[in-house]
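Step one of this worksheet: look at the structure below.
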Number of protein chains: 2
Amino acid sequence: MYRSHTCGELRMEHVGINVTLAGWVQRSRDLGGMTFTDLRDRYGITQLTFNMEVNADLCEQARKLGREFVIQAIGIVIERSSKNKNMLTGEIEINVTELKILNAAKLPPFTIEDETDGGDELRMQYRYLDLRRNPVQQKLIIRNKVALETRNYLDSQGFMDVETPVLIKSTPEGARDFVVPSRMNAGQFYALPQSPQTFKQLLMVSGFDKYYQIVKCFRDEDLRADRQPEFTQIDCEMAFVEQDDVLNTFEGLIKHLFKTVRGVEFEGAFPRITYAEAMEKYGSDKPDIRFGMEFVDLTKEAQGKEFAIFDSAEIVLGINASKCSEFTRKQIDELTDWVKRPQIGAKGMIYLRYNTDGTYKSSVDKFYSEADLKVWAEKANMQPGDLLLLLSGETNKTRKQLNELRLHLGNSLGLRQSDVFKPLWVLDFPLLEWDEENGRYHAMHHPFTSPKPEDLHLISTDPSKVRANAYDLAMNGVELGGGSIRIHDRTLQSQMFDLLGFTREEAQSQFGFLMNAFEYGAPPHGGLAFGLDRLVATMGGSESIRDYIAFPKNNSGRDTMIDAPSPLDDKQLKELGIKKA
Amino acid sequence: MYRSHTCGELRMEHVGINVTLAGWVQRSRDLGGMTFTDLRDRYGITQLTFNMEVNADLCEQARKLGREFVIQAIGIVIERSSKNKNMLTGEIEINVTELKILNAAKLPPFTIEDETDGGDELRMQYRYLDLRRNPVQQKLIIRNKVALETRNYLDSQGFMDVETPVLIKSTPEGARDFVVPSRMNAGQFYALPQSPQTFKQLLMVSGFDKYYQIVKCFRDEDLRADRQPEFTQIDCEMAFVEQDDVLNTFEGLIKHLFKTVRGVEFEGAFPRITYAEAMEKYGSDKPDIRFGMEFVDLTKEAQGKEFAIFDSAEIVLGINASKCSEFTRKQIDELTDWVKRPQIGAKGMIYLRYNTDGTYKSSVDKFYSEADLKVWAEKANMQPGDLLLLLSGETNKTRKQLNELRLHLGNSLGLRQSDVFKPLWVLDFPLLEWDEENGRYHAMHHPFTSPKPEDLHLISTDPSKVRANAYDLAMNGVELGGGSIRIHDRTLQSQMFDLLGFTREEAQSQFGFLMNAFEYGAPPHGGLAFGLDRLVATMGGSESIRDYIAFPKNNSGRDTMIDAPSPLDDKQLKELGIKKA
């Protein structure tokens with residue numbers, strides 16, 4: 001071992017002992033007769049001191065140490081004359097008697113400090129240096145802790161970690177697969193799993209009863225910001241359960257994680273809301289309920305007053321921005337411009353000020369009397385000083401737009417605090433969604449999700465009305481995870497594939513193994529998966545997942561540090577039985 | 001929840017309470033007035049009873065239950081009249097009052113019993129049924145336990161679990177990579193990692209200090225029995241360490257695992273042997289030291305007596321099979337035939353019996369006097385009743401052949417007991433091995449392994465003599481894992497790539513990121529990786545890893561259950577920018 005102690009553990013009780021430390025030079029300060037060097041490792045920083053009068057040679061050596069040099073220092077722990085209460089090791093320093101450079105370092109391309117001067121691209125290219133920065137290390141330390149606490153909690157609840165294969169079969173349903181040409185089976189391909197879905201269901205058929213895995217999954221999608229082609233799931237499944245059993249179990253897990261990793265305790269059960277209600281109140285299936293500002297439906301109240309925009313709208317929705325009546329004209333114009341951006345797509349925005357003096361002021365004063373506006377204000381539960389913002393149009397679009405506006409206002413009003421955590425179960429998702437482009441239904445969750453028994457009769461008459469036994473856990477506007485009770489009956493599964501437009505042959509060739517398995521004694525089962533990257537980022541109070549991943553890829557799916565992907569030589573391609581198209 | 005209790009938890013203390021159980025029908029016995037049904041889940045088996053006199057309908061229903069039906073039964077726990085001491089639930093049974101079939105089952109293609117009538121192929125095709133069998137479940141339960149205990153132990157030692165990427169870059173060094181075409185970067189490919197080697201080294205450069213990961217790795221090799229294209233490693237790395245630190249740390253891990261999972265405690269430190277000595281004594285770099293039978297070098301003693309075979313041999317080696325002097329002529333002929341098989345390749349075998357009456361008998365009596373044979377016997381430390389078996393020829397070949405013979409004898413003499421565990425560190429592996437076919441050196445471990453400083457001077461003059469700071473942990477003739485102290489200096493790493501025949505450009509384009517990283521302050525570091533599949537199989541006393549993997553592939557790399565790999569349609573290939581060659 002190159003050290004007797006780490007750079008984070010020496011205290012007053014160690015004064016007088018001889019120690020060997022090793023680490024990186026954080027900085028050196030040369031004060032003429034004395035040189036002070038901060039030595040850093042994962043565990044902390046310890047100050048090394050060199051005295052010109054005592055050992056001029058050694059002091060000269062210390063002066064030449066550059067930032068990020070890796071050194072080993074031997075010396076005696078002494079009490080500091082001026083203590084630093086902000087450092088765990090701030091009461092002591094090391095009076096160095098021997099110094100050895102283990103490895104020199106070139107000047108890093110950006111500063112290795114909490115606040116760095118390195119841009120994103122540079123930091124990704126030198127990710128191994130970026131990972132030296134304390135804020136990045138802390139994020140990965142949280143991730144490590146969340147993963148281990150997850151395992152120990154689930155183990156204590158009787159769950160078994162079972163590894164499922166990475167080289168599996170491509171299925172055209174859902175997102176695009178990454179594929180792997182097989183050299184030994186020429187012309188054939190493996191696919192990387194988008195999730196271990198079918199395998200975890202087979203484990204239930206096998207009687208494993210409770211399964212979990214923290215597992216890499218892969219999706220070849222066009223990357224949006226903060227999507228990664230490879231991501232990590234906490235993947236779970238249970239047999240002989242109903243929806244409530246699953247929700248209660250994983251509510252327990254989330255509570256355990258927040259308590260042990262963040263010191264946050266949740267009171268009582270997590271609130272639950274149906275998908276329909278979430279869309280009605282928040283226009284989102286993952287509402288941020290850290291703040292109110294619920295949607296108010298003013299369609300009835302706003303129509304019939306000859307304001308053509310409202311009269312022609314399918315829906316008129318408002319949100320009450322509390323204490324915002326004094327927004328300037330400029331602020332309101334900016335919000336209007338914001339909702340009119342193509343990404344949001346609203347045609348315009350109407351406002352109603354409920355002034356502190358009790359009067360009303362609206363952008364549509366000429367269509368609505370004071371009494372009309374009072375009706376709106378009352379329905380929206382406005383207090384003097386509040387500001388009502390209204391959007392209108394086609395129901396789904398308007399809800400989506402108003403959701404964006406609500407979150408935007410939440411941000412700008414400081415209502416989305418990063419250290420407040422508000423979980424919410426969203427239940428009863430629709431089983432299917434209509435795919436305009438291909439003129440057919442898609443499974444909203446996946447084809448293995450069970451319809452609600454009470455909606456089963458609608459499957460042939462009005463499929464879009466069928467609700468599923470499917471649920472998501474949302475927190476702070478983020479979907480942490482989701483799952484469902486699965487189909488465990490061959491006939492129903494087969495019917496589901498019919499509905500999704502599979503021919504019998506397609507269904508059999510792609511998922512025959514699962515449907516066959518259902519014929520040999522499949523128990524009722526269900527489960528859920530959390531996105532670990534997103535869970536950890538949310539727990540860390542961050543919206544970006546990238547720094548919670550040690551070696552992330554950029555928005556083109558590239559790792560710029562190792563320069564992957566990269567071309568293969570023809571010999572390798574030939575061996576694999578493929579060529580470039 | 002479909003149950004109030006599992007099938008493994010009811011005891012005498014539960015007598016009189018009403019319970020709901022759910023599980024699989026293991027078997028039903030119809031004794032006229034009574035029907036007994038064994039209900040099974042992961043936790044155990046509980047006996048259900050149905051009484052014709054009490055409820056004829058219910059009893060009729062029970063009689064119709066087939067094997068592997070999934071049922072739910074409600075009833076009262078009662079004390080059994082004839083108790084079964086072999087079952088944890090054997091003191092009670094359930095007097096069933098309600099019965100519900102949750103899912104029927106077709107007759108399984110093989111029996112779901114500890115000893116099944118299903119062949120390998122059938123069991124793999126219906127793996128979800130094979131996984132219901134208790135011996136298979138037990139193996140996966142051990143695996144789960146080993147993984148979790150590994151994590152908790154390493155966490156307690158300050159190791160951090162950091163996930164490294166799966167989509168990385170292909171490097172031609174070593175085994176063949178599996179590759180993944182990139183749709184977004186047309187004509188370019190990711191590779192799946194053969195190990196996270198370079199990433200874990202970068203984590204050391206980043207100051208993570210102690211890293212571990214239980215991680216899937218991939219090798220596209222022609223599969224031998226018991227090799228899998230995807231396998232799992234316990235992958236570890238430490239900074240500021242020397243070889244002894246690594247060995248001691250992971251000896252601690254292995255001791256912890258055997259103690260907690262198997263109840264086996266190892267006394268004292270694991271024995272250590274050099275690679276050179278292992279080859280000399282056992283002809284293997286992973287000797288099974290559960291039994292002795294070490295090689296005895298008789299070259300000097302056997303040569304010069306006009307026995308041409310020995311005289312022309314580079315080496316003459318023997319092993320002393322204790323108490324085997326009474327082997328029949330037939331047994332010895334069989335052993336001779338065994339070593340002459342093409343897989344072993346010996347030209348012949350010489351024996352020397354040291355009879356219990358003190359006389360000697362050898363197949364080469366006519367060349368050697370009794371006194372000559374006595375010299376052999378003494379050198380081989382023979383006792384009356386022992387049998388010496390000799391092979392000769394070129395040194396490396398002879399050692400390999402005699403190793404095979406030694407293990408074969410160990411098996412047939414019952415010296416390789418599956419519940420005895422003998423770990424052995426093998427040290428000082430050669431840095432390089434000569435690749436006859438390509439006329440160049442290969443790294444024996446990998447190109448990042450550090451040469452021993454005292455052998456550095458041989459690098460340019462006699463590379464094959466250079467020993468590495470590389471080590472393996474062997475147990476019972478199996479390599480459980482291995483590792484090395486790594487190079488952390490750019491110049492030495494570059495020199496190493498030269499030696500391996502890389503051009504400067506190749507080295508830079510493939511491993512430039514690592515060599516660059518070494519210039520920004522890389523600490524001395526080293527580590528090791530265990531093969532989890534093999535570790536768990538060894539702990540379970542098995543030589544085959546397949547049943548310790550939930551969904552293994554066959555020797556053609558196929559998953560016959562899901563039928564992967566499989567062809568892709570042209571549209572998918574076109575999107576990926578590739579076509580079949």
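In the structure tokens, chains take the letters A, B, ... in the order shown, each chain's residues start at 1, and ligands count up from 1 in the order shown.
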
Margin query: Only residues of chain A matter here; which ones have an atom within 6 Å of chain B, counting only C-alpha atoms? Give them as a count of residues only.
Written below: 43

For Met539 (chain A), please output as an mmCIF file with N, CA, C and O atoms, in the first residue's frame all residues within 8 Å (counting only C-alpha atoms; exclusion window: fewer than 4 positions along the same chain).
data_model
loop_
_atom_site.group_PDB
_atom_site.id
_atom_site.type_symbol
_atom_site.label_atom_id
_atom_site.label_comp_id
_atom_site.auth_asym_id
_atom_site.auth_seq_id
_atom_site.Cartn_x
_atom_site.Cartn_y
_atom_site.Cartn_z
ATOM 1 N N PHE A 258 -35.313 7.124 0.128
ATOM 2 C CA PHE A 258 -35.244 8.535 0.512
ATOM 3 C C PHE A 258 -34.775 8.688 1.953
ATOM 4 O O PHE A 258 -34.034 9.605 2.277
ATOM 5 N N ARG A 262 -31.234 10.117 1.505
ATOM 6 C CA ARG A 262 -31.428 11.567 1.570
ATOM 7 C C ARG A 262 -31.868 12.064 2.943
ATOM 8 O O ARG A 262 -31.972 13.264 3.165
ATOM 9 N N LEU A 535 -34.218 8.185 -11.357
ATOM 10 C CA LEU A 535 -34.506 8.151 -9.922
ATOM 11 C C LEU A 535 -33.400 8.850 -9.144
ATOM 12 O O LEU A 535 -33.651 9.685 -8.274
#

Next item on the list: Please identify all polymer residues within 8 Å of Ala62 (chain B), counting only C-alpha atoms, omitting same-chain residues fewer than 3 positions from it, and present them as a count of residues only.
Entry: 7

Checklist line | Distance in Å - CA of Gly252 (chain B) versus CA of Gln194 (chain B) | finding: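 Going from CA of Gly252 (chain B) over to CA of Gln194 (chain B), I get 26.1 Å.
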
Notebook entry, point to check: Skipping near chain neighbours, those fewer than 5 positions away, what residues fall within 10 Å of Ile350 (chain B) using only C-alpha atoms, listed as a PyMOL selection string?
Noted result: chain B and resi 318+332+336+362-364+388-392

Take the residues just selected and output them with N, CA, C and O atoms as a PDB file, in the first residue's frame.
ATOM      1  N   GLY B 318       7.021 -38.211 -13.405  1.00  0.00           N
ATOM      2  CA  GLY B 318       6.162 -39.245 -12.846  1.00  0.00           C
ATOM      3  C   GLY B 318       5.217 -38.681 -11.815  1.00  0.00           C
ATOM      4  O   GLY B 318       5.437 -37.598 -11.279  1.00  0.00           O
ATOM      5  N   ILE B 332      -4.224 -50.632 -16.029  1.00  0.00           N
ATOM      6  CA  ILE B 332      -3.069 -49.862 -16.504  1.00  0.00           C
ATOM      7  C   ILE B 332      -3.148 -49.667 -18.014  1.00  0.00           C
ATOM      8  O   ILE B 332      -2.870 -48.583 -18.517  1.00  0.00           O
ATOM      9  N   THR B 336      -3.240 -46.220 -20.087  1.00  0.00           N
ATOM     10  CA  THR B 336      -2.337 -45.966 -21.218  1.00  0.00           C
ATOM     11  C   THR B 336      -3.132 -45.532 -22.443  1.00  0.00           C
ATOM     12  O   THR B 336      -2.776 -44.560 -23.108  1.00  0.00           O
ATOM     13  N   SER B 362       8.196 -53.093 -13.164  1.00  0.00           N
ATOM     14  CA  SER B 362       8.003 -51.981 -14.086  1.00  0.00           C
ATOM     15  C   SER B 362       7.845 -52.482 -15.498  1.00  0.00           C
ATOM     16  O   SER B 362       8.298 -53.578 -15.839  1.00  0.00           O
ATOM     17  N   SER B 363       7.214 -51.658 -16.349  1.00  0.00           N
ATOM     18  CA  SER B 363       7.083 -52.022 -17.757  1.00  0.00           C
ATOM     19  C   SER B 363       8.409 -51.876 -18.495  1.00  0.00           C
ATOM     20  O   SER B 363       8.534 -52.272 -19.643  1.00  0.00           O
ATOM     21  N   VAL B 364       9.424 -51.298 -17.807  1.00  0.00           N
ATOM     22  CA  VAL B 364      10.725 -51.156 -18.463  1.00  0.00           C
ATOM     23  C   VAL B 364      11.824 -51.856 -17.675  1.00  0.00           C
ATOM     24  O   VAL B 364      12.982 -51.417 -17.657  1.00  0.00           O
ATOM     25  N   LEU B 388       3.799 -45.841  -9.577  1.00  0.00           N
ATOM     26  CA  LEU B 388       4.348 -44.651 -10.223  1.00  0.00           C
ATOM     27  C   LEU B 388       4.026 -44.710 -11.712  1.00  0.00           C
ATOM     28  O   LEU B 388       4.243 -45.728 -12.359  1.00  0.00           O
ATOM     29  N   LEU B 389       3.480 -43.584 -12.234  1.00  0.00           N
ATOM     30  CA  LEU B 389       3.155 -43.527 -13.669  1.00  0.00           C
ATOM     31  C   LEU B 389       4.016 -42.450 -14.300  1.00  0.00           C
ATOM     32  O   LEU B 389       4.121 -41.335 -13.776  1.00  0.00           O
ATOM     33  N   LEU B 390       4.676 -42.797 -15.425  1.00  0.00           N
ATOM     34  CA  LEU B 390       5.620 -41.860 -16.031  1.00  0.00           C
ATOM     35  C   LEU B 390       5.243 -41.522 -17.465  1.00  0.00           C
ATOM     36  O   LEU B 390       4.845 -42.388 -18.245  1.00  0.00           O
ATOM     37  N   LEU B 391       5.390 -40.226 -17.781  1.00  0.00           N
ATOM     38  CA  LEU B 391       5.274 -39.772 -19.166  1.00  0.00           C
ATOM     39  C   LEU B 391       6.558 -39.033 -19.503  1.00  0.00           C
ATOM     40  O   LEU B 391       7.252 -38.530 -18.615  1.00  0.00           O
ATOM     41  N   SER B 392       6.866 -38.946 -20.782  1.00  0.00           N
ATOM     42  CA  SER B 392       8.098 -38.259 -21.168  1.00  0.00           C
ATOM     43  C   SER B 392       7.923 -37.607 -22.525  1.00  0.00           C
ATOM     44  O   SER B 392       6.972 -37.887 -23.250  1.00  0.00           O
TER      45      SER B 392
END

Item checked: strand (DSSP E) positions in region 178-368 of chain B, given as a count of residues only -> 45
